[in-house]
Each structure stands twice: as structure tokens, then as C-alpha cells.
Amino acid sequence: MDVTNWSALKEELDLYGSAPTAQLLTPAECRDVSALYEKPELFRTTVDMARHRFGSGEYRYFTHDLPAPVAALRAALYPRLLPMARDWAARLGRPAPWPDDLDEWLARCHEAGQDRSAQILLRYGEGDWNALHRDVFGELVFPLQVVIGLDEYGTDYTGGEFLMVEQRPRAQSRGTATPLRQGHGLVFTTRDRPVRSKRGWSAGAMRHGVSTVRSGRRCALGLVFHDAS
């Protein structure tokens with residue numbers, strides 16, 4: 001975790017709405033997390049993306065009883081992302097309701113009726129993809145989240161790049177495509193990023209998704225820092 005240059009990450013995040021971390025999981029740890037998908041007792045629900053017209057593929061939401069590696073990653077990342085979240089809120093003139101303690105923040109989510117776990121394990125096969133979207137599940141939102149690649153891009157699968165599209169006022173949308181490196185995270189905005197304007201700062205609306213997997217299988221772990229209603 002400490003290997004990541006968080007100052008450089010913040011600069012890139014400010015510019016593009018997403019930025020990669022250093023390695024967070026070893027290849028063996030990635031395989032262990034990916035294998036959790038075969039243990040349905042760990043999950044509260046499974047979503048068939050095609051059935052809901054979200055794209056194609058499948059993902060599962062963990063229960064609140066998170067496996068130790070997942071819980072440890074989320075707990076370690078929250079204090080790293082919190083200063084960035086507060087900085088963005090200040091620039092956009094928004095409230096920053098996030099306390100220093102992650103459990104306290106999640107308790108506030110539950111009190112507001114957002115009491116379902118939003119931690120997610122995703123699995124894509126050949127031809128699968130994820131439509132552009134935002135992970136906003138209620139009134140209480142943490143503005144940053146993290147996705148971690150669990151397979152080796154270019155070897156275990158091809159295609160399947162992480163997509164972000166920014167809607168720009170009175171201009172064409174801007175997109176980025178980022179391959180997920182195995183064991184590395186990608187920090188990205190939940191819904192928008194601060195964009196400098198003539199009047200100060202405005203919110204640049206952003207959505208994320210996954211391009212079509214051309215071959216193989218792509219698995220990823222998604223860490224969200226607010227719970228769902």
C-alpha cells in the first residue's frame with residue numbers, strides 16, 4: 001500500500017478522474033480472491049448483467065461478512081482516499097460528511113437506509129462488457145472507489161479495458177481506456193470530478209464501464225466506500 005505515490009496519484013486523478021495504484025495484491029492473492037466467486041455463501045446476490053440490460057457478464061455482491069483480504073484492502077484504502085474526497089468536496093462547495101473512521105461512515109449509511117454491502121466481485125467472459133454507469137446507491141455517497149484487476153491483461157484475457165467517459169459542457173465527451181494490471185488498483189470517481197471553470201470549479205460528470213472482452217476471462221474486485229439502499 002505504501003509503495004503507491006499518493007501525491008502523483010492525486011494529480012492524475014484530478015486530471016482524468018482515474019489513476020492507478022501500485023501493486024496491492026500478489027498474483028497468488030489475486031487467484032485466491034478470484035476463487036471466492038465459487039463460494040456463494042459469501043455473497044448476498046448475483047446479478048446477470050444481460051438480464052438487466054447492464055451489458056453482458058455477471059457479478060456478485062459480498063455480504064457484510066467480508067473475506068479478510070477484501071476487508072483489509074477497503075480499510076487500508078479509505079484513509080488514503082479520504083483527503084482527496086474532502087479536497088474535491090471543498091473545491092465543489094459540497095458537504096464532506098465522511099468521518100475519519102470507515103465503520104462510523106458505514107454506520108451513518110445504515111442509519112439512512114443504505115444497509116446493503118456494495119463490495120463486488122465481477123466476472124466477464126469472451127464477448128462480455130459493462131455499460132457506462134455510476135455506482136450511486138442512495139443519498140450518501142463517497143466520491144471515489146477502487147477496482148483491482150485479478151487476471152493478467154493480455155495473457156488471461158484481451159480487451160476488457162476499464163472505460164471512463166467525461167461529459168463536457170458545450171463540447172464533445174472525452175473518454176479514456178485503461179487496462180487493469182493484475183493485482184494493481186485503479187482509483188476512479190464515483191460520479192464526477194472538479195473541473196476548473198471561469199467561475200471557479202464545476203462538476204464534470206463522469207461514467208465508467210468495461211469494453212468488450214475479446215478473449216479469455218476477466219475478473220475484478222470492486223471496492224465501494226458507501227453501502228447500498
# chains A, B, ... in the order shown; residues from 1 in each chain; ligands from 1
$ select_by_dssp --residues "stretch 11-218 of chain A" --states "strand (DSSP E or B)" --output "PyMOL selection string"
chain A and resi 18-23+43-48+55-56+58-62+116+120-124+129-133+144-149+153+157-159+162-166+174-178+182+184-189+192-197+200-210+213-216+218
$ residues_around --residues "stretch 201-217 of chain A" --least-positions-apart "2" --cutoff "6 Å" --atoms "only C-alpha atoms" --output "PyMOL selection string"
chain A and resi 92+124-134+156-167+191-197
$ closest_residue --among "A:Pro179, A:Pro143, A:Gly138, A:Gly185" --to "A:Gly222" --atoms "only C-alpha atoms"
A:Gly185
$ residues_around --residues "A:Pro83" --least-positions-apart "4" --cutoff "12 Å" --atoms "only C-alpha atoms" --output "JSON, numbers by chain"
{"A": [6, 7, 10, 77, 78, 79, 87, 88, 89, 90, 96, 98, 99, 100, 142, 143, 144]}
$ closest_residue --among "A:Leu180, A:Leu150, A:Leu121, A:Leu221" --to "A:Glu38" --atoms "only C-alpha atoms"
A:Leu121
$ closest_residue --among "A:Glu152, A:Gln114, A:Val33, A:Val146" --to "A:Ala76" --atoms "only C-alpha atoms"
A:Val146
$ closest_atom_pairs --of "stretch 85-194 of chain A" --to "stretch 14-23 of chain A" --cutoff "7 Å" --atoms "only C-alpha atoms" --output "Markdown table"
| residue | atom | partner | partner_atom | distance |
| --- | --- | --- | --- | --- |
| A:Gly183 | CA | A:Gln23 | CA | 5.4 |
| A:His184 | CA | A:Gln23 | CA | 4.4 |
| A:Gly185 | CA | A:Thr21 | CA | 5.1 |
| A:Leu186 | CA | A:Pro20 | CA | 4.3 |
| A:Val187 | CA | A:Ala19 | CA | 5.3 |
| A:Phe188 | CA | A:Ser18 | CA | 4.0 |
| A:Thr189 | CA | A:Gly17 | CA | 5.5 |
| A:Arg193 | CA | A:Gly17 | CA | 6.0 |
$ write_last_selection --atoms "all heavy atoms" --output "PDB file, in the first residue's frame"
ATOM      1  N   GLY A 183      -3.415  -7.375  -9.896  1.00  0.00           N
ATOM      2  CA  GLY A 183      -3.029  -7.002  -8.538  1.00  0.00           C
ATOM      3  C   GLY A 183      -2.933  -5.523  -8.291  1.00  0.00           C
ATOM      4  O   GLY A 183      -2.743  -5.096  -7.152  1.00  0.00           O
ATOM      5  N   HIS A 184      -3.064  -4.720  -9.336  1.00  0.00           N
ATOM      6  CA  HIS A 184      -2.999  -3.266  -9.207  1.00  0.00           C
ATOM      7  C   HIS A 184      -4.417  -2.703  -9.138  1.00  0.00           C
ATOM      8  O   HIS A 184      -5.351  -3.253  -9.727  1.00  0.00           O
ATOM      9  CB  HIS A 184      -2.257  -2.644 -10.382  1.00  0.00           C
ATOM     10  CG  HIS A 184      -0.807  -2.985 -10.408  1.00  0.00           C
ATOM     11  ND1 HIS A 184       0.195  -2.039 -10.304  1.00  0.00           N
ATOM     12  CD2 HIS A 184      -0.163  -4.177 -10.520  1.00  0.00           C
ATOM     13  CE1 HIS A 184       1.374  -2.619 -10.356  1.00  0.00           C
ATOM     14  NE2 HIS A 184       1.183  -3.923 -10.489  1.00  0.00           N
ATOM     15  N   GLY A 185      -4.560  -1.598  -8.431  1.00  0.00           N
ATOM     16  CA  GLY A 185      -5.851  -0.949  -8.334  1.00  0.00           C
ATOM     17  C   GLY A 185      -5.953   0.232  -9.274  1.00  0.00           C
ATOM     18  O   GLY A 185      -4.941   0.766  -9.746  1.00  0.00           O
ATOM     19  N   LEU A 186      -7.182   0.628  -9.540  1.00  0.00           N
ATOM     20  CA  LEU A 186      -7.449   1.866 -10.256  1.00  0.00           C
ATOM     21  C   LEU A 186      -8.449   2.654  -9.418  1.00  0.00           C
ATOM     22  O   LEU A 186      -9.573   2.197  -9.182  1.00  0.00           O
ATOM     23  CB  LEU A 186      -8.023   1.602 -11.648  1.00  0.00           C
ATOM     24  CG  LEU A 186      -8.219   2.853 -12.514  1.00  0.00           C
ATOM     25  CD1 LEU A 186      -6.867   3.376 -12.998  1.00  0.00           C
ATOM     26  CD2 LEU A 186      -9.138   2.568 -13.697  1.00  0.00           C
ATOM     27  N   VAL A 187      -8.018   3.805  -8.919  1.00  0.00           N
ATOM     28  CA  VAL A 187      -8.905   4.698  -8.179  1.00  0.00           C
ATOM     29  C   VAL A 187      -9.667   5.531  -9.212  1.00  0.00           C
ATOM     30  O   VAL A 187      -9.073   6.050 -10.158  1.00  0.00           O
ATOM     31  CB  VAL A 187      -8.103   5.633  -7.251  1.00  0.00           C
ATOM     32  CG1 VAL A 187      -9.042   6.558  -6.490  1.00  0.00           C
ATOM     33  CG2 VAL A 187      -7.252   4.814  -6.285  1.00  0.00           C
ATOM     34  N   PHE A 188     -10.977   5.656  -9.031  1.00  0.00           N
ATOM     35  CA  PHE A 188     -11.746   6.435 -10.005  1.00  0.00           C
ATOM     36  C   PHE A 188     -12.939   7.099  -9.323  1.00  0.00           C
ATOM     37  O   PHE A 188     -13.362   6.707  -8.238  1.00  0.00           O
ATOM     38  CB  PHE A 188     -12.204   5.563 -11.177  1.00  0.00           C
ATOM     39  CG  PHE A 188     -13.148   4.448 -10.821  1.00  0.00           C
ATOM     40  CD1 PHE A 188     -14.522   4.587 -11.003  1.00  0.00           C
ATOM     41  CD2 PHE A 188     -12.673   3.242 -10.316  1.00  0.00           C
ATOM     42  CE1 PHE A 188     -15.393   3.559 -10.693  1.00  0.00           C
ATOM     43  CE2 PHE A 188     -13.536   2.203 -10.007  1.00  0.00           C
ATOM     44  CZ  PHE A 188     -14.902   2.359 -10.194  1.00  0.00           C
ATOM     45  N   THR A 189     -13.455   8.117  -9.990  1.00  0.00           N
ATOM     46  CA  THR A 189     -14.563   8.866  -9.428  1.00  0.00           C
ATOM     47  C   THR A 189     -15.871   8.091  -9.504  1.00  0.00           C
ATOM     48  O   THR A 189     -16.138   7.389 -10.491  1.00  0.00           O
ATOM     49  CB  THR A 189     -14.732  10.214 -10.136  1.00  0.00           C
ATOM     50  OG1 THR A 189     -15.877  10.883  -9.620  1.00  0.00           O
ATOM     51  CG2 THR A 189     -14.916  10.040 -11.639  1.00  0.00           C
ATOM     52  N   ARG A 193     -15.885  14.834 -11.280  1.00  0.00           N
ATOM     53  CA  ARG A 193     -14.614  15.344 -10.767  1.00  0.00           C
ATOM     54  C   ARG A 193     -14.645  16.871 -10.848  1.00  0.00           C
ATOM     55  O   ARG A 193     -15.386  17.447 -11.672  1.00  0.00           O
ATOM     56  CB  ARG A 193     -13.431  14.798 -11.567  1.00  0.00           C
ATOM     57  CG  ARG A 193     -13.288  15.395 -12.963  1.00  0.00           C
ATOM     58  CD  ARG A 193     -12.082  14.855 -13.712  1.00  0.00           C
ATOM     59  NE  ARG A 193     -11.937  15.489 -15.017  1.00  0.00           N
ATOM     60  CZ  ARG A 193     -11.198  16.576 -15.252  1.00  0.00           C
ATOM     61  NH1 ARG A 193     -10.509  17.140 -14.264  1.00  0.00           N
ATOM     62  NH2 ARG A 193     -11.126  17.096 -16.459  1.00  0.00           N
TER      63      ARG A 193
END
$ select_by_dssp --residues "stretch 12-220 of chain A" --states "alpha helix (DSSP H)" --output "ChimeraX atom specification"
/A:12-16,27-35,68-92,102-111
$ atom_distance --atom1 "atom CA of A:Glu104" --atom2 "atom CA of A:Phe225"
11.6 Å
